[in-house]
$ cat target_34.pdb   # PDB, C-alpha atoms, pLDDT in the B column
MODEL        1
ATOM      1  CA  MET Z   1      88.060  81.750  88.396  1.00 42.00           C
ATOM      2  CA  PRO Z   2      91.311  82.878  90.060  1.00 51.00           C
ATOM      3  CA  ARG Z   3      91.623  86.595  90.618  1.00 50.00           C
ATOM      4  CA  THR Z   4      94.675  86.729  88.371  1.00 50.00           C
ATOM      5  CA  GLN Z   5      92.484  85.763  85.439  1.00 48.00           C
ATOM      6  CA  ARG Z   6      89.904  88.461  86.232  1.00 53.00           C
ATOM      7  CA  ASN Z   7      92.149  91.536  86.206  1.00 51.00           C
ATOM      8  CA  ASP Z   8      90.592  93.897  83.721  1.00 55.00           C
ATOM      9  CA  ASN Z   9      92.921  96.867  83.631  1.00 54.00           C
ATOM     10  CA  PHE Z  10      96.279  97.143  81.938  1.00 55.00           C
ATOM     11  CA  ILE Z  11      98.336  97.798  85.077  1.00 56.00           C
ATOM     12  CA  ASP Z  12      96.869  94.832  86.964  1.00 56.00           C
ATOM     13  CA  LYS Z  13      97.336  92.569  83.959  1.00 57.00           C
ATOM     14  CA  SER Z  14     100.930  93.762  83.532  1.00 59.00           C
ATOM     15  CA  PHE Z  15     101.683  93.224  87.213  1.00 56.00           C
ATOM     16  CA  THR Z  16     100.164  89.755  87.088  1.00 59.00           C
ATOM     17  CA  VAL Z  17     102.160  88.771  84.006  1.00 59.00           C
ATOM     18  CA  MET Z  18     105.413  90.042  85.531  1.00 59.00           C
ATOM     19  CA  ALA Z  19     104.672  88.376  88.871  1.00 57.00           C
ATOM     20  CA  ASP Z  20     103.944  85.087  87.128  1.00 59.00           C
ATOM     21  CA  ILE Z  21     107.215  85.276  85.172  1.00 59.00           C
ATOM     22  CA  ILE Z  22     109.202  86.047  88.312  1.00 60.00           C
ATOM     23  CA  LEU Z  23     107.389  83.319  90.209  1.00 56.00           C
ATOM     24  CA  LYS Z  24     108.285  80.730  87.568  1.00 59.00           C
ATOM     25  CA  MET Z  25     111.947  81.779  87.613  1.00 59.00           C
ATOM     26  CA  LEU Z  26     112.362  81.827  91.399  1.00 60.00           C
ATOM     27  CA  PRO Z  27     114.585  79.054  92.696  1.00 57.00           C
ATOM     28  CA  THR Z  28     112.105  77.938  95.317  1.00 65.00           C
ATOM     29  CA  ASN Z  29     109.776  75.045  95.995  1.00 72.00           C
ATOM     30  CA  LYS Z  30     106.224  74.649  94.750  1.00 76.00           C
ATOM     31  CA  LYS Z  31     104.732  75.343  98.186  1.00 81.00           C
ATOM     32  CA  ALA Z  32     106.468  78.725  98.444  1.00 81.00           C
ATOM     33  CA  LYS Z  33     105.378  79.647  94.929  1.00 79.00           C
ATOM     34  CA  GLU Z  34     101.796  78.712  95.730  1.00 88.00           C
ATOM     35  CA  ALA Z  35     101.954  80.794  98.919  1.00 90.00           C
ATOM     36  CA  PHE Z  36     103.149  83.781  96.883  1.00 87.00           C
ATOM     37  CA  ALA Z  37     100.306  83.309  94.381  1.00 86.00           C
ATOM     38  CA  TYR Z  38      97.754  83.429  97.223  1.00 93.00           C
ATOM     39  CA  TYR Z  39      99.502  86.460  98.696  1.00 93.00           C
ATOM     40  CA  ARG Z  40      99.468  88.242  95.337  1.00 89.00           C
ATOM     41  CA  ASP Z  41      95.756  87.462  94.884  1.00 91.00           C
ATOM     42  CA  GLY Z  42      95.127  88.693  98.426  1.00 94.00           C
ATOM     43  CA  MET Z  43      96.842  91.998  97.680  1.00 91.00           C
ATOM     44  CA  SER Z  44      94.829  92.386  94.498  1.00 89.00           C
ATOM     45  CA  ALA Z  45      91.538  91.669  96.280  1.00 93.00           C
ATOM     46  CA  GLN Z  46      92.500  94.021  99.126  1.00 93.00           C
ATOM     47  CA  ALA Z  47      93.277  96.812  96.652  1.00 91.00           C
ATOM     48  CA  ASP Z  48      89.804  96.313  95.171  1.00 91.00           C
ATOM     49  CA  GLY Z  49      88.186  96.506  98.613  1.00 92.00           C
ATOM     50  CA  GLU Z  50      87.237  92.823  98.487  1.00 95.00           C
ATOM     51  CA  TYR Z  51      88.306  92.173 102.058  1.00 96.00           C
ATOM     52  CA  ALA Z  52      86.634  88.785 102.553  1.00 96.00           C
ATOM     53  CA  GLU Z  53      88.328  87.447  99.435  1.00 96.00           C
ATOM     54  CA  ALA Z  54      91.628  88.998 100.490  1.00 96.00           C
ATOM     55  CA  LEU Z  55      91.413  87.340 103.917  1.00 97.00           C
ATOM     56  CA  GLU Z  56      90.724  83.966 102.302  1.00 97.00           C
ATOM     57  CA  ASN Z  57      93.810  84.341 100.124  1.00 97.00           C
ATOM     58  CA  TYR Z  58      95.996  85.579 102.973  1.00 97.00           C
ATOM     59  CA  ASN Z  59      94.907  82.691 105.189  1.00 97.00           C
ATOM     60  CA  GLU Z  60      95.772  80.228 102.415  1.00 97.00           C
ATOM     61  CA  ALA Z  61      99.143  81.933 102.032  1.00 96.00           C
ATOM     62  CA  LEU Z  62      99.751  81.652 105.791  1.00 96.00           C
ATOM     63  CA  GLU Z  63      99.027  77.924 105.661  1.00 95.00           C
ATOM     64  CA  LEU Z  64     101.693  77.470 102.992  1.00 95.00           C
ATOM     65  CA  GLU Z  65     104.316  80.112 103.765  1.00 94.00           C
ATOM     66  CA  GLU Z  66     107.172  79.003 105.999  1.00 92.00           C
ATOM     67  CA  ASP Z  67     109.510  81.995 105.772  1.00 93.00           C
ATOM     68  CA  PRO Z  68     109.043  84.235 108.858  1.00 96.00           C
ATOM     69  CA  TYR Z  69     109.834  87.429 106.933  1.00 94.00           C
ATOM     70  CA  ASP Z  70     107.227  86.672 104.268  1.00 94.00           C
ATOM     71  CA  ARG Z  71     104.713  85.580 106.912  1.00 96.00           C
ATOM     72  CA  SER Z  72     105.165  88.945 108.656  1.00 97.00           C
ATOM     73  CA  TYR Z  73     103.878  90.786 105.580  1.00 96.00           C
ATOM     74  CA  ILE Z  74     100.893  88.472 105.267  1.00 97.00           C
ATOM     75  CA  LEU Z  75     100.040  89.072 108.925  1.00 98.00           C
ATOM     76  CA  TYR Z  76     100.533  92.816 108.470  1.00 98.00           C
ATOM     77  CA  ASN Z  77      98.083  92.870 105.555  1.00 97.00           C
ATOM     78  CA  ILE Z  78      95.527  90.882 107.545  1.00 98.00           C
ATOM     79  CA  GLY Z  79      95.934  93.515 110.276  1.00 97.00           C
ATOM     80  CA  LEU Z  80      95.283  96.247 107.722  1.00 97.00           C
ATOM     81  CA  ILE Z  81      91.999  94.652 106.722  1.00 97.00           C
ATOM     82  CA  HIS Z  82      90.853  94.407 110.330  1.00 97.00           C
ATOM     83  CA  TRP Z  83      91.887  98.022 110.861  1.00 96.00           C
ATOM     84  CA  CYS Z  84      89.893  99.143 107.823  1.00 94.00           C
ATOM     85  CA  ASN Z  85      86.889  97.299 109.233  1.00 95.00           C
ATOM     86  CA  GLY Z  86      87.242  99.058 112.595  1.00 95.00           C
ATOM     87  CA  GLU Z  87      88.299  95.828 114.305  1.00 97.00           C
ATOM     88  CA  TYR Z  88      91.141  97.403 116.227  1.00 97.00           C
ATOM     89  CA  GLU Z  89      91.838  94.623 118.723  1.00 97.00           C
ATOM     90  CA  GLU Z  90      92.108  92.072 115.911  1.00 98.00           C
ATOM     91  CA  ALA Z  91      94.332  94.450 113.956  1.00 98.00           C
ATOM     92  CA  LEU Z  92      96.598  94.890 116.988  1.00 98.00           C
ATOM     93  CA  ASP Z  93      96.878  91.124 117.356  1.00 98.00           C
ATOM     94  CA  TYR Z  94      97.985  90.670 113.742  1.00 98.00           C
ATOM     95  CA  TYR Z  95     100.386  93.622 113.870  1.00 98.00           C
ATOM     96  CA  HIS Z  96     102.002  92.204 117.002  1.00 98.00           C
ATOM     97  CA  GLN Z  97     102.339  88.789 115.346  1.00 98.00           C
ATOM     98  CA  ALA Z  98     103.960  90.454 112.330  1.00 98.00           C
ATOM     99  CA  ILE Z  99     106.444  92.306 114.555  1.00 98.00           C
ATOM    100  CA  GLU Z 100     107.324  89.105 116.408  1.00 98.00           C
ATOM    101  CA  LEU Z 101     108.405  87.626 113.083  1.00 98.00           C
ATOM    102  CA  ASN Z 102     109.930  90.822 111.700  1.00 97.00           C
ATOM    103  CA  PRO Z 103     110.857  93.465 114.300  1.00 96.00           C
ATOM    104  CA  ARG Z 104     111.981  95.792 111.480  1.00 95.00           C
ATOM    105  CA  LEU Z 105     108.477  96.487 110.168  1.00 96.00           C
ATOM    106  CA  PRO Z 106     107.966 100.203 110.883  1.00 97.00           C
ATOM    107  CA  GLN Z 107     104.565 100.357 109.211  1.00 97.00           C
ATOM    108  CA  ALA Z 108     103.187  97.809 111.691  1.00 98.00           C
ATOM    109  CA  LEU Z 109     104.711  99.744 114.601  1.00 98.00           C
ATOM    110  CA  ASN Z 110     103.172 102.942 113.235  1.00 98.00           C
ATOM    111  CA  ASN Z 111      99.740 101.361 112.863  1.00 98.00           C
ATOM    112  CA  ILE Z 112      99.851 100.033 116.424  1.00 98.00           C
ATOM    113  CA  ALA Z 113     100.695 103.546 117.595  1.00 98.00           C
ATOM    114  CA  VAL Z 114      97.826 105.025 115.587  1.00 98.00           C
ATOM    115  CA  ILE Z 115      95.354 102.587 117.145  1.00 98.00           C
ATOM    116  CA  TYR Z 116      96.596 103.333 120.669  1.00 98.00           C
ATOM    117  CA  HIS Z 117      96.411 107.054 119.913  1.00 98.00           C
ATOM    118  CA  LEU Z 118      92.811 106.720 118.676  1.00 97.00           C
ATOM    119  CA  GLN Z 119      91.912 104.753 121.783  1.00 97.00           C
ATOM    120  CA  GLY Z 120      93.618 107.428 123.901  1.00 97.00           C
ATOM    121  CA  GLU Z 121      91.552 110.139 122.226  1.00 97.00           C
ATOM    122  CA  LYS Z 122      88.345 108.185 122.932  1.00 97.00           C
ATOM    123  CA  ALA Z 123      89.323 107.716 126.571  1.00 97.00           C
ATOM    124  CA  LYS Z 124      90.101 111.431 126.820  1.00 97.00           C
ATOM    125  CA  GLU Z 125      86.698 112.341 125.354  1.00 97.00           C
ATOM    126  CA  ALA Z 126      85.069 109.996 127.871  1.00 97.00           C
ATOM    127  CA  GLY Z 127      86.863 111.842 130.678  1.00 97.00           C
ATOM    128  CA  ASP Z 128      89.186 108.964 131.599  1.00 97.00           C
ATOM    129  CA  THR Z 129      92.418 110.939 131.845  1.00 96.00           C
ATOM    130  CA  LYS Z 130      94.451 108.122 133.390  1.00 97.00           C
ATOM    131  CA  ALA Z 131      93.539 105.630 130.646  1.00 97.00           C
ATOM    132  CA  SER Z 132      94.095 108.212 127.916  1.00 97.00           C
ATOM    133  CA  GLU Z 133      97.598 109.038 129.204  1.00 97.00           C
ATOM    134  CA  GLU Z 134      98.499 105.347 129.396  1.00 97.00           C
ATOM    135  CA  LEU Z 135      97.303 104.823 125.813  1.00 98.00           C
ATOM    136  CA  PHE Z 136      99.139 107.936 124.606  1.00 97.00           C
ATOM    137  CA  ASP Z 137     102.318 106.636 126.279  1.00 97.00           C
ATOM    138  CA  LYS Z 138     101.901 103.298 124.484  1.00 97.00           C
ATOM    139  CA  ALA Z 139     101.407 105.134 121.191  1.00 98.00           C
ATOM    140  CA  ALA Z 140     104.549 107.146 121.864  1.00 97.00           C
ATOM    141  CA  ASP Z 141     106.580 103.993 122.533  1.00 97.00           C
ATOM    142  CA  TYR Z 142     105.549 102.439 119.226  1.00 97.00           C
ATOM    143  CA  TRP Z 143     106.011 105.652 117.280  1.00 97.00           C
ATOM    144  CA  ARG Z 144     109.532 106.049 118.644  1.00 97.00           C
ATOM    145  CA  GLN Z 145     110.336 102.507 117.501  1.00 97.00           C
ATOM    146  CA  ALA Z 146     108.869 103.139 114.028  1.00 97.00           C
ATOM    147  CA  ILE Z 147     110.748 106.425 113.682  1.00 97.00           C
ATOM    148  CA  ASN Z 148     114.009 104.828 114.787  1.00 96.00           C
ATOM    149  CA  LEU Z 149     113.603 102.335 111.933  1.00 96.00           C
ATOM    150  CA  ALA Z 150     112.422 104.917 109.380  1.00 95.00           C
ATOM    151  CA  PRO Z 151     113.665 108.354 110.523  1.00 94.00           C
ATOM    152  CA  ASN Z 152     112.365 110.191 107.460  1.00 94.00           C
ATOM    153  CA  ASN Z 153     108.825 108.922 107.901  1.00 94.00           C
ATOM    154  CA  TYR Z 154     105.987 109.639 110.303  1.00 95.00           C
ATOM    155  CA  ILE Z 155     106.537 113.400 110.469  1.00 95.00           C
ATOM    156  CA  GLU Z 156     103.158 113.994 112.126  1.00 95.00           C
ATOM    157  CA  ALA Z 157     104.040 111.447 114.796  1.00 96.00           C
ATOM    158  CA  GLN Z 158     107.401 113.142 115.330  1.00 95.00           C
ATOM    159  CA  ASN Z 159     105.626 116.477 115.789  1.00 95.00           C
ATOM    160  CA  TRP Z 160     103.105 114.922 118.181  1.00 96.00           C
ATOM    161  CA  LEU Z 161     105.923 113.407 120.225  1.00 96.00           C
ATOM    162  CA  LYS Z 162     107.594 116.825 120.454  1.00 95.00           C
ATOM    163  CA  THR Z 163     104.469 118.801 121.297  1.00 95.00           C
ATOM    164  CA  THR Z 164     103.342 116.336 123.966  1.00 94.00           C
ATOM    165  CA  GLY Z 165     106.796 116.059 125.545  1.00 93.00           C
ATOM    166  CA  ARG Z 166     107.003 112.356 124.757  1.00 94.00           C
ATOM    167  CA  SER Z 167     110.037 112.549 122.474  1.00 87.00           C
ATOM    168  CA  GLN Z 168     112.405 111.625 125.334  1.00 75.00           C
ATOM    169  CA  ALA Z 169     115.154 113.597 123.558  1.00 47.00           C
ATOM    170  CA  ASN Z 170     115.777 110.873 120.975  1.00 45.00           C
ATOM    171  CA  ALA Z 171     118.270 111.647 118.261  1.00 44.00           C
ATOM    172  CA  PHE Z 172     115.646 111.606 115.517  1.00 45.00           C
ATOM    173  CA  LEU Z 173     113.909 114.694 116.868  1.00 42.00           C
TER     174      LEU Z 173
ENDMDL
END

$ encode --input "target_34.pdb" --output "structure tokens"
Amino acid sequence: MPRTQRNDNFIDKSFTVMADIILKMLPTNKKAKEAFAYYRDGMSAQADGEYAEALENYNEALELEEDPYDRSYILYNIGLIHWCNGEYEEALDYYHQAIELNPRLPQALNNIAVIYHLQGEKAKEAGDTKASEELFDKAADYWRQAINLAPNNYIEAQNWLKTTGRSQANAFL
């Protein structure tokens, strides 16, 4: 049974009904509508913590979706699932693919920075100062890009950039 038929709470049912109405009214082809339906089911499964089901839906959506902007959000969500599962290299790969299609995706840039920062902290704990500094510099580069796109977001990252001297006197700080 499709996920859209299994929603058991009012908000999910309402969202599904509205999404179905909008989907029917969209002036687009059947393939794009089907891609959106898979994407919607993927988001619903992801919200429920059903990551395997979400990945199946996202992969189906990727097979059908042709619009680069829409594909970037599918790839971003696949990256989120890998991140939640601790699969950081896979997450980075999907985030980078998303950014290639949509360079104005600050949440992907932020998540890349967070992963590099976590890896930098691990390298620091292991006593590898050179590797940790390189990873922190990578994190800083991605955070600066994310903040340039969304200057009112990522306050903790802005503070970290300031306190570590990595802000490079950008206008947002």

$ resolve_selection --input "target_34.pdb" --expression "the PyMOL selection byres ((chain Z and resi 134-149) around 6)" --output "PyMOL selection string"
chain Z and resi 106+109-110+113+116-117+120+131-133+150-151

$ write_last_selection --input "target_34.pdb" --atoms "C-alpha atoms" --output "PDB file, keeping the file's coordinate frame"
ATOM      1  CA  PRO Z 106     107.966 100.203 110.883  1.00 97.00           C
ATOM      2  CA  LEU Z 109     104.711  99.744 114.601  1.00 98.00           C
ATOM      3  CA  ASN Z 110     103.172 102.942 113.235  1.00 98.00           C
ATOM      4  CA  ALA Z 113     100.695 103.546 117.595  1.00 98.00           C
ATOM      5  CA  TYR Z 116      96.596 103.333 120.669  1.00 98.00           C
ATOM      6  CA  HIS Z 117      96.411 107.054 119.913  1.00 98.00           C
ATOM      7  CA  GLY Z 120      93.618 107.428 123.901  1.00 97.00           C
ATOM      8  CA  ALA Z 131      93.539 105.630 130.646  1.00 97.00           C
ATOM      9  CA  SER Z 132      94.095 108.212 127.916  1.00 97.00           C
ATOM     10  CA  GLU Z 133      97.598 109.038 129.204  1.00 97.00           C
ATOM     11  CA  ALA Z 150     112.422 104.917 109.380  1.00 95.00           C
ATOM     12  CA  PRO Z 151     113.665 108.354 110.523  1.00 94.00           C
TER      13      PRO Z 151
END

$ residues_around --input "target_34.pdb" --residues "Ala108 of chain Z" --least-positions-apart "6" --cutoff "8 Å" --atoms "all atoms listed in the file" --output "PyMOL selection string"
chain Z and resi 76+95-96+98-99

$ atom_distance --input "target_34.pdb" --atom1 "atom CA of Leu55 of chain Z" --atom2 "atom CA of Glu90 of chain Z"
12.9 Å

$ atom_distance --input "target_34.pdb" --atom1 "atom CA of Asn153 of chain Z" --atom2 "atom CA of Gln46 of chain Z"
23.8 Å

$ atom_distance --input "target_34.pdb" --atom1 "atom CA of Glu34 of chain Z" --atom2 "atom CA of Glu65 of chain Z"
8.5 Å

$ closest_atom_pairs --input "target_34.pdb" --of "segment 48-161 of chain Z" --to "segment 35-44 of chain Z" --cutoff "12 Å" --atoms "only C-alpha atoms" --output "CSV"
residue,atom,partner,partner_atom,distance
Z:Asp48,CA,Z:Ser44,CA,6.4
Z:Gly49,CA,Z:Ser44,CA,8.8
Z:Glu50,CA,Z:Ser44,CA,8.6
Z:Tyr51,CA,Z:Gly42,CA,8.5
Z:Ala52,CA,Z:Gly42,CA,9.4
Z:Glu53,CA,Z:Gly42,CA,7.0
Z:Ala54,CA,Z:Gly42,CA,4.1
Z:Leu55,CA,Z:Gly42,CA,6.8
Z:Glu56,CA,Z:Gly42,CA,7.5
Z:Asn57,CA,Z:Gly42,CA,4.9
Z:Tyr58,CA,Z:Gly42,CA,5.6
Z:Asn59,CA,Z:Tyr38,CA,8.5
Z:Glu60,CA,Z:Tyr38,CA,6.4
Z:Ala61,CA,Z:Ala35,CA,4.3
Z:Leu62,CA,Z:Ala35,CA,7.3
Z:Glu63,CA,Z:Ala35,CA,7.9
Z:Leu64,CA,Z:Ala35,CA,5.3
Z:Glu65,CA,Z:Ala35,CA,5.4
Z:Glu66,CA,Z:Ala35,CA,9.0
Z:Asp67,CA,Z:Ala35,CA,10.3
Z:Asp70,CA,Z:Phe36,CA,8.9
Z:Arg71,CA,Z:Ala35,CA,9.7
Z:Ser72,CA,Z:Tyr39,CA,11.7
Z:Tyr73,CA,Z:Tyr39,CA,9.2
Z:Ile74,CA,Z:Tyr39,CA,7.0
Z:Leu75,CA,Z:Tyr39,CA,10.6
Z:Tyr76,CA,Z:Met43,CA,11.4
Z:Asn77,CA,Z:Met43,CA,8.0
Z:Ile78,CA,Z:Gly42,CA,9.4
Z:Leu80,CA,Z:Met43,CA,11.0
Z:Ile81,CA,Z:Met43,CA,10.6

$ residues_around --input "target_34.pdb" --residues "Tyr88 of chain Z" --least-positions-apart "2" --cutoff "10 Å" --atoms "only C-alpha atoms" --output "list in words"
Gly79, Leu80, Ile81, His82, Trp83, Cys84, Asn85, Gly86, Glu90, Ala91, Leu92, Asp93, Tyr94, Ile112, Ile115, Tyr116, Leu118 and Gln119 of chain Z

$ build_atoms --input "target_34.pdb" --residues "segment 66-99 of chain Z" --atoms "N, CA and C atoms" --output "mmCIF file, keeping the file's coordinate frame"
data_model
loop_
_atom_site.group_PDB
_atom_site.id
_atom_site.type_symbol
_atom_site.label_atom_id
_atom_site.label_comp_id
_atom_site.auth_asym_id
_atom_site.auth_seq_id
_atom_site.Cartn_x
_atom_site.Cartn_y
_atom_site.Cartn_z
ATOM 1 N N GLU Z 66 106.340 79.400 104.868
ATOM 2 C CA GLU Z 66 107.172 79.003 105.999
ATOM 3 C C GLU Z 66 108.165 80.073 106.398
ATOM 4 N N ASP Z 67 108.515 80.965 105.493
ATOM 5 C CA ASP Z 67 109.510 81.995 105.772
ATOM 6 C C ASP Z 67 108.932 83.052 106.726
ATOM 7 N N PRO Z 68 109.572 83.270 107.882
ATOM 8 C CA PRO Z 68 109.043 84.235 108.858
ATOM 9 C C PRO Z 68 108.911 85.647 108.300
ATOM 10 N N TYR Z 69 109.877 86.081 107.512
ATOM 11 C CA TYR Z 69 109.834 87.429 106.933
ATOM 12 C C TYR Z 69 108.614 87.583 106.025
ATOM 13 N N ASP Z 70 108.390 86.610 105.154
ATOM 14 C CA ASP Z 70 107.227 86.672 104.268
ATOM 15 C C ASP Z 70 105.918 86.558 105.052
ATOM 16 N N ARG Z 71 105.907 85.717 106.071
ATOM 17 C CA ARG Z 71 104.713 85.580 106.912
ATOM 18 C C ARG Z 71 104.383 86.905 107.596
ATOM 19 N N SER Z 72 105.415 87.672 107.963
ATOM 20 C CA SER Z 72 105.165 88.945 108.656
ATOM 21 C C SER Z 72 104.361 89.897 107.776
ATOM 22 N N TYR Z 73 104.625 89.899 106.475
ATOM 23 C CA TYR Z 73 103.878 90.786 105.580
ATOM 24 C C TYR Z 73 102.445 90.300 105.358
ATOM 25 N N ILE Z 74 102.254 89.008 105.363
ATOM 26 C CA ILE Z 74 100.893 88.472 105.267
ATOM 27 C C ILE Z 74 100.102 88.887 106.505
ATOM 28 N N LEU Z 75 100.700 88.693 107.668
ATOM 29 C CA LEU Z 75 100.040 89.072 108.925
ATOM 30 C C LEU Z 75 99.770 90.573 108.973
ATOM 31 N N TYR Z 76 100.712 91.365 108.509
ATOM 32 C CA TYR Z 76 100.533 92.816 108.470
ATOM 33 C C TYR Z 76 99.320 93.178 107.608
ATOM 34 N N ASN Z 77 99.208 92.561 106.438
ATOM 35 C CA ASN Z 77 98.083 92.870 105.555
ATOM 36 C C ASN Z 77 96.752 92.416 106.142
ATOM 37 N N ILE Z 78 96.748 91.303 106.852
ATOM 38 C CA ILE Z 78 95.527 90.882 107.545
ATOM 39 C C ILE Z 78 95.159 91.930 108.596
ATOM 40 N N GLY Z 79 96.171 92.441 109.305
ATOM 41 C CA GLY Z 79 95.934 93.515 110.276
ATOM 42 C C GLY Z 79 95.330 94.744 109.622
ATOM 43 N N LEU Z 80 95.833 95.094 108.437
ATOM 44 C CA LEU Z 80 95.283 96.247 107.722
ATOM 45 C C LEU Z 80 93.795 96.084 107.434
ATOM 46 N N ILE Z 81 93.406 94.896 107.026
ATOM 47 C CA ILE Z 81 91.999 94.652 106.722
ATOM 48 C C ILE Z 81 91.151 94.816 107.979
ATOM 49 N N HIS Z 82 91.607 94.254 109.077
ATOM 50 C CA HIS Z 82 90.853 94.407 110.330
ATOM 51 C C HIS Z 82 90.785 95.872 110.743
ATOM 52 N N TRP Z 83 91.881 96.600 110.538
ATOM 53 C CA TRP Z 83 91.887 98.022 110.861
ATOM 54 C C TRP Z 83 90.860 98.763 110.006
ATOM 55 N N CYS Z 84 90.848 98.491 108.725
ATOM 56 C CA CYS Z 84 89.893 99.143 107.823
ATOM 57 C C CYS Z 84 88.447 98.839 108.198
ATOM 58 N N ASN Z 85 88.235 97.685 108.802
ATOM 59 C CA ASN Z 85 86.889 97.299 109.233
ATOM 60 C C ASN Z 85 86.564 97.772 110.646
ATOM 61 N N GLY Z 86 87.477 98.546 111.246
ATOM 62 C CA GLY Z 86 87.242 99.058 112.595
ATOM 63 C C GLY Z 86 87.430 98.020 113.685
ATOM 64 N N GLU Z 87 88.045 96.906 113.347
ATOM 65 C CA GLU Z 87 88.299 95.828 114.305
ATOM 66 C C GLU Z 87 89.701 96.004 114.875
ATOM 67 N N TYR Z 88 89.823 96.983 115.773
ATOM 68 C CA TYR Z 88 91.141 97.403 116.227
ATOM 69 C C TYR Z 88 91.873 96.356 117.061
ATOM 70 N N GLU Z 89 91.168 95.634 117.900
ATOM 71 C CA GLU Z 89 91.838 94.623 118.723
ATOM 72 C C GLU Z 89 92.396 93.503 117.849
ATOM 73 N N GLU Z 90 91.628 93.090 116.839
ATOM 74 C CA GLU Z 90 92.108 92.072 115.911
ATOM 75 C C GLU Z 90 93.315 92.594 115.129
ATOM 76 N N ALA Z 91 93.221 93.842 114.687
ATOM 77 C CA ALA Z 91 94.332 94.450 113.956
ATOM 78 C C ALA Z 91 95.591 94.456 114.825
ATOM 79 N N LEU Z 92 95.440 94.877 116.082
ATOM 80 C CA LEU Z 92 96.598 94.890 116.988
ATOM 81 C C LEU Z 92 97.216 93.506 117.112
ATOM 82 N N ASP Z 93 96.373 92.496 117.225
ATOM 83 C CA ASP Z 93 96.878 91.124 117.356
ATOM 84 C C ASP Z 93 97.720 90.743 116.147
ATOM 85 N N TYR Z 94 97.226 91.027 114.947
ATOM 86 C CA TYR Z 94 97.985 90.670 113.742
ATOM 87 C C TYR Z 94 99.247 91.508 113.584
ATOM 88 N N TYR Z 95 99.181 92.792 113.938
ATOM 89 C CA TYR Z 95 100.386 93.622 113.870
ATOM 90 C C TYR Z 95 101.456 93.110 114.825
ATOM 91 N N HIS Z 96 101.035 92.734 116.031
ATOM 92 C CA HIS Z 96 102.002 92.204 117.002
ATOM 93 C C HIS Z 96 102.613 90.892 116.514
ATOM 94 N N GLN Z 97 101.802 90.036 115.908
ATOM 95 C CA GLN Z 97 102.339 88.789 115.346
ATOM 96 C C GLN Z 97 103.356 89.092 114.246
ATOM 97 N N ALA Z 98 103.041 90.077 113.413
ATOM 98 C CA ALA Z 98 103.960 90.454 112.330
ATOM 99 C C ALA Z 98 105.286 90.948 112.898
ATOM 100 N N ILE Z 99 105.228 91.760 113.943
ATOM 101 C CA ILE Z 99 106.444 92.306 114.555
ATOM 102 C C ILE Z 99 107.266 91.212 115.235
#
